[in-house]
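**Student:** Right, I'll just put the structure down here and ask away after.
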Protein chains: 2
Amino acid sequence: MSTTLITGIGELTTNVDPGSDDPCGTVLDAAVLIEGERIAWVGPAADAPRADDVIDAAGRAMIPGFVDSHSHLVFGGDRSAEFEARMAGQRYAAGGIRSTVAATRSASDAELRARLRGFVDEMLAQGTTTVEIKSGYGLTVADEERAVRLAAEVTSEVTFLGAHVVPAEYAENADDYVDLVCGPMLAACAPHARWIDVFCETGAFTVAQSRRILDAGVARGLRPRLHASQLGPGEGVRLAVELGAASVDHGTYLTDADVAALAASDTVLTLLPGVEFSTRQPYPDARRLIDAGVTVAIACDTNPGSSFTSSMPFCIAIAVRDMGLTPGEAVHAATAGGARALRRDDIGIIAPGARADLVLLRAPSRVHLAYRPGVPLVQRVWKDGAAVR
Amino acid sequence: MSTTLITGIGELTTNVDPGSDDPCGTVLDAAVLIEGERIAWVGPAADAPRADDVIDAAGRAMIPGFVDSHSHLVFGGDRSAEFEARMAGQRYAAGGIRSTVAATRSASDAELRARLRGFVDEMLAQGTTTVEIKSGYGLTVADEERAVRLAAEVTSEVTFLGAHVVPAEYAENADDYVDLVCGPMLAACAPHARWIDVFCETGAFTVAQSRRILDAGVARGLRPRLHASQLGPGEGVRLAVELGAASVDHGTYLTDADVAALAASDTVLTLLPGVEFSTRQPYPDARRLIDAGVTVAIACDTNPGSSFTSSMPFCIAIAVRDMGLTPGEAVHAATAGGARALRRDDIGIIAPGARADLVLLRAPSRVHLAYRPGVPLVQRVWKDGAAVR
């Protein structure tokens, strides 16, 4: 297998042996050896082995490719008018999802596929080398099956979210919709998915409904994750912990009991800064989570309603400015944190044996991702060892 | 002269005849004809004239190139450590400028030039086709002269800001420094500059000192602009209005009297959203300004201390989310507003006779600049009629 050495890396974020002083396992003046799809060696540039090809990073910073563990990329239409109305003072409500459901159902496979691939390319250009993709805008057996099938064409991290919102046609009998989700819809979707998820929130699904759906998914071999406490406090976080969910996502409104439960568990709390930004909700205090010992991830939640960003650097900048993370903690959360939220140990780190998913920044330090908000700082991206940008 | 027609523009922001319902002078299904460096024709695509070359915008949105009317791009070093400390709780103070002064003085011409050109290229890639550049990190006759001379290599909008901060060597006798600024430093810098500016703020220059400096600049043929009310309320805004300054910049803390004075004047209030973002200061209420009839601009204030973004789209997103502008008002402020702040009528609009400075977005509407924060949405850029990206 041919080898490539990237040397002259001014600041390397490995995420190996993170400590509170340095959550990023930093190596200065570093080099990384790629062999095929994997990382073969990491260390000081002065000790680097020989390689077939050598790339000089000229002092720039390198980080693991971002692991965006929460997105909704299979949909039709957009909701820019709703966004404008919200910015003019209208409040965000979960029901807006239904307009995207209508647009998604009426889109062709080719339209959805082209859009989906466009988003994945857009993310790759911004340094995201792994993305989790949820269904949830179909809400019929056929439309949900189509969503997970299309998602599986572009990622191995597919989540069945038939329980995104109760569709209009079941508005008066939500439990019948839950029966559908747990029965024929799950049966159709499970073969394409790795995860099952529920939007557990007032206006979406109750705790009891969420438990039924997650239990049904687990019985079909899927692993649980959960949307909770986005619009107000609730019991969703504790349900996620109780069921051993890999991650509970949003956490805009967390009680002390939620934080204690998370800290005593392996469940990751996935912060979605784009949501609070784009819905003008209050930012959760992520400092409190870190200080309590909770593992946090940062993801974009790319979707046309509550967060249409696909920029992990933007989410890092918000997490630092408004959620109390240090730049190092935010970069760790957006890489190793996302990997943990997907229970993956082969991504989110730069270490021998890990996938060679790497991002070279047009900056001397990862701090610039927060220090230079909005600026496209991703210079080069490697995915599975191949330079894709 | 050869002509190029850009047709199939789904939404064209012309900024011609803006009204309160549509601050952007929108034309749907539009076309723009470029002839040499200028725009020759604008109108519905169905009525477009013939041209040598035709480009199909495929329904995407087009806006005028951004006019970034406030930046500090000639400097050495960076202040990422100060940024990290501030994010951990330390307050922003004007004195930090002095550390950049030391790094700038010790940098070679070649280093400063390479950095400067890098920033201009970075901005162009983000859709900024005109940028104003200030001196202010030299603070000696030779170092200020060097800064405006280098800036003049890349823009016609050069601002002499010798009065950025009182340098350490004059800390005990600021008026002697003002004498230097008004005398030999102004004499050396005026030939390279169009504008004169002062940082009128507690910790920088008093109102009396600011008046002396601006008057001296005007007597040398420069036109006045002013930094004011960034760190607290003061008399700077009213001084700017009294002197007929083209713009007064920051306005983080505005009194009712400031707003009334601005509304009755031709002075633009230039919002710098990156500063409040990166210093965690409160955002000014720009809605109040617009409703009072004040002309507002949006600029990045790119500098290593208080705002290291160079992204006009990022600043638009913040202005919409946190300052109360509509997306249309924010795009207008970042284009036509910036042009007004530079007293230019050949940029910031898409109309026959204007410079062909154009940005094609990878989006169907300018609303996406706020709706999709952080995402690089600039697909193509024309500067003086030439496709530069």
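Convention: chains lettered A, B, ... in structure tokens order; per-chain residue numbering from 1; ligands numbered from 1 as shown.
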Excluding Leu186 of chain B and its own-chain neighbours fewer than 4 positions away, which residues fall within 10 Å of it when counting only C-alpha atoms? Please give them as a ChimeraX atom specification.
**Tutor:** /B:141,144-145,160-162,179-182,190-191,193,196,213,216-217,220,222
**Student:** Leaving out segment 36-40 of chain A and any residue of its chain fewer than 4 positions from it, which residues lie within 12 Å of it when counting only C-alpha atoms, given as a ChimeraX atom specification?
**Tutor:** /A:1-6,14,31-32,48-52,64,346-347,349-358,382-387
**Student:** Should the cut-off be 10 Å, what would the residue list for chain A against chain B look like, counting only C-alpha atoms, as a PyMOL selection string?
**Tutor:** chain A and resi 78-89+122-123+125-126+274+277-280+302-315+317-318+320-322+324-328+364-368+370-377
**Student:** Which residue gives the smallest distance to Thr7 of chain B among B:Asp143, B:Asp29, B:Asp22, B:Glu172, with only C-alpha atoms counted?
**Tutor:**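 So, comparing all the options, the nearest one is B:Asp29.
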**Student:** Report as a PyMOL selection string: the residues of segment 112-273 of chain A with a DSSP assignment of helix (DSSP H, G or I), based on the backbone of this structure.
**Tutor:** chain A and resi 112-125+141-152+168-170+174-192+207-219+236-242+256-263+273
**Student:** With C-alpha atoms retained, could you export that selection as a JSON list (two decimals), in the first residue's frame?
**Tutor:**
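Produced file out-v7.json, reproduced below:
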[["chain", "number", "residue", "atom", "x", "y", "z"],
["A", 112, "LEU", "CA", -33.92, 13.89, -3.10],
["A", 113, "ARG", "CA", -30.73, 12.06, -4.05],
["A", 114, "ALA", "CA", -29.25, 15.10, -5.81],
["A", 115, "ARG", "CA", -30.03, 17.34, -2.86],
["A", 116, "LEU", "CA", -28.65, 14.83, -0.36],
["A", 117, "ARG", "CA", -25.40, 14.42, -2.28],
["A", 118, "GLY", "CA", -25.11, 18.17, -2.58],
["A", 119, "PHE", "CA", -25.30, 18.52, 1.19],
["A", 120, "VAL", "CA", -22.75, 15.77, 1.77],
["A", 121, "ASP", "CA", -20.36, 17.48, -0.65],
["A", 122, "GLU", "CA", -20.98, 20.84, 1.00],
["A", 123, "MET", "CA", -20.18, 19.29, 4.38],
["A", 124, "LEU", "CA", -17.04, 17.57, 3.10],
["A", 125, "ALA", "CA", -15.80, 20.94, 1.83],
["A", 141, "VAL", "CA", -43.95, 3.37, 5.28],
["A", 142, "ALA", "CA", -42.89, 3.96, 1.69],
["A", 143, "ASP", "CA", -41.54, 7.48, 2.24],
["A", 144, "GLU", "CA", -39.58, 6.59, 5.35],
["A", 145, "GLU", "CA", -38.16, 3.48, 3.67],
["A", 146, "ARG", "CA", -37.10, 5.68, 0.76],
["A", 147, "ALA", "CA", -35.39, 8.16, 3.09],
["A", 148, "VAL", "CA", -33.29, 5.61, 4.95],
["A", 149, "ARG", "CA", -32.46, 3.81, 1.71],
["A", 150, "LEU", "CA", -31.22, 7.03, 0.08],
["A", 151, "ALA", "CA", -29.31, 8.00, 3.23],
["A", 152, "ALA", "CA", -27.61, 4.61, 3.26],
["A", 168, "ALA", "CA", -51.34, 15.60, 9.87],
["A", 169, "GLU", "CA", -53.41, 12.57, 8.84],
["A", 170, "TYR", "CA", -52.90, 11.05, 12.33],
["A", 174, "ALA", "CA", -51.28, 9.71, 17.52],
["A", 175, "ASP", "CA", -51.14, 6.25, 19.10],
["A", 176, "ASP", "CA", -52.24, 4.73, 15.83],
["A", 177, "TYR", "CA", -49.26, 6.44, 14.22],
["A", 178, "VAL", "CA", -47.00, 5.01, 16.92],
["A", 179, "ASP", "CA", -48.37, 1.56, 16.04],
["A", 180, "LEU", "CA", -47.45, 2.17, 12.42],
["A", 181, "VAL", "CA", -43.94, 3.32, 13.36],
["A", 182, "CYS", "CA", -43.33, 0.32, 15.62],
["A", 183, "GLY", "CA", -44.83, -2.11, 13.14],
["A", 184, "PRO", "CA", -44.63, -2.01, 9.34],
["A", 185, "MET", "CA", -42.58, 1.22, 9.14],
["A", 186, "LEU", "CA", -39.85, -0.13, 11.41],
["A", 187, "ALA", "CA", -39.87, -3.43, 9.54],
["A", 188, "ALA", "CA", -39.33, -1.61, 6.24],
["A", 189, "CYS", "CA", -36.65, 0.75, 7.54],
["A", 190, "ALA", "CA", -34.59, -1.35, 9.94],
["A", 191, "PRO", "CA", -32.61, -3.15, 7.19],
["A", 192, "HIS", "CA", -31.19, 0.22, 6.00],
["A", 207, "VAL", "CA", -42.18, 9.85, 27.00],
["A", 208, "ALA", "CA", -44.39, 6.74, 26.97],
["A", 209, "GLN", "CA", -44.64, 6.78, 23.18],
["A", 210, "SER", "CA", -40.90, 7.39, 22.87],
["A", 211, "ARG", "CA", -40.14, 4.41, 25.11],
["A", 212, "ARG", "CA", -42.40, 2.15, 23.05],
["A", 213, "ILE", "CA", -40.74, 3.18, 19.82],
["A", 214, "LEU", "CA", -37.17, 2.89, 21.06],
["A", 215, "ASP", "CA", -37.91, -0.52, 22.63],
["A", 216, "ALA", "CA", -39.37, -1.71, 19.33],
["A", 217, "GLY", "CA", -36.29, -0.49, 17.47],
["A", 218, "VAL", "CA", -33.91, -2.19, 19.88],
["A", 219, "ALA", "CA", -35.85, -5.42, 19.46],
["A", 236, "GLY", "CA", -36.62, 12.64, 27.76],
["A", 237, "VAL", "CA", -33.03, 12.96, 28.93],
["A", 238, "ARG", "CA", -33.59, 10.54, 31.78],
["A", 239, "LEU", "CA", -35.38, 8.13, 29.44],
["A", 240, "ALA", "CA", -32.37, 8.21, 27.12],
["A", 241, "VAL", "CA", -30.02, 7.48, 30.00],
["A", 242, "GLU", "CA", -32.24, 4.70, 31.30],
["A", 256, "ASP", "CA", -30.00, 19.44, 37.58],
["A", 257, "ALA", "CA", -31.40, 15.91, 37.65],
["A", 258, "ASP", "CA", -30.80, 15.61, 33.89],
["A", 259, "VAL", "CA", -27.19, 16.71, 34.28],
["A", 260, "ALA", "CA", -26.60, 14.30, 37.16],
["A", 261, "ALA", "CA", -28.14, 11.43, 35.21],
["A", 262, "LEU", "CA", -25.99, 12.18, 32.16],
["A", 263, "ALA", "CA", -22.84, 12.48, 34.25],
["A", 273, "PRO", "CA", -25.78, 25.33, 18.46]]
**Student:** Have a look at atom CA of Thr155 of chain A and atom CA of Lys134 of chain A and let me know their distance in Å, one decimal.
**Tutor:**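 Interatomic distance, atom CA of Thr155 of chain A to atom CA of Lys134 of chain A: 10.6 Å.
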**Student:** I'd like the contact shell of Ala30 of chain A - 12 Å cut-off, only C-alpha atoms, skipping same-chain residues fewer than 6 positions apart - returned as a list in words.
**Tutor:**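 The neighbour list is Leu5, Ile6, Thr7, Gly8, Ile9, Gly10, Glu11, Leu12, Thr13, Thr14, Trp41, Val42, Gly43, Pro44, Ala45, Ala46, Asp47, Ala48, Pro49, Asp56, Ala57, Ala58, Gly59, Arg60, Ala61, Met62, Ile63 and Ile350 of chain A.
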**Student:** Which of these, B:Arg91, B:Gly293, B:Thr129, B:Ser71, has the shortest distance to Asp249 of chain B once you count only C-alpha atoms?
**Tutor:** B:Ser71
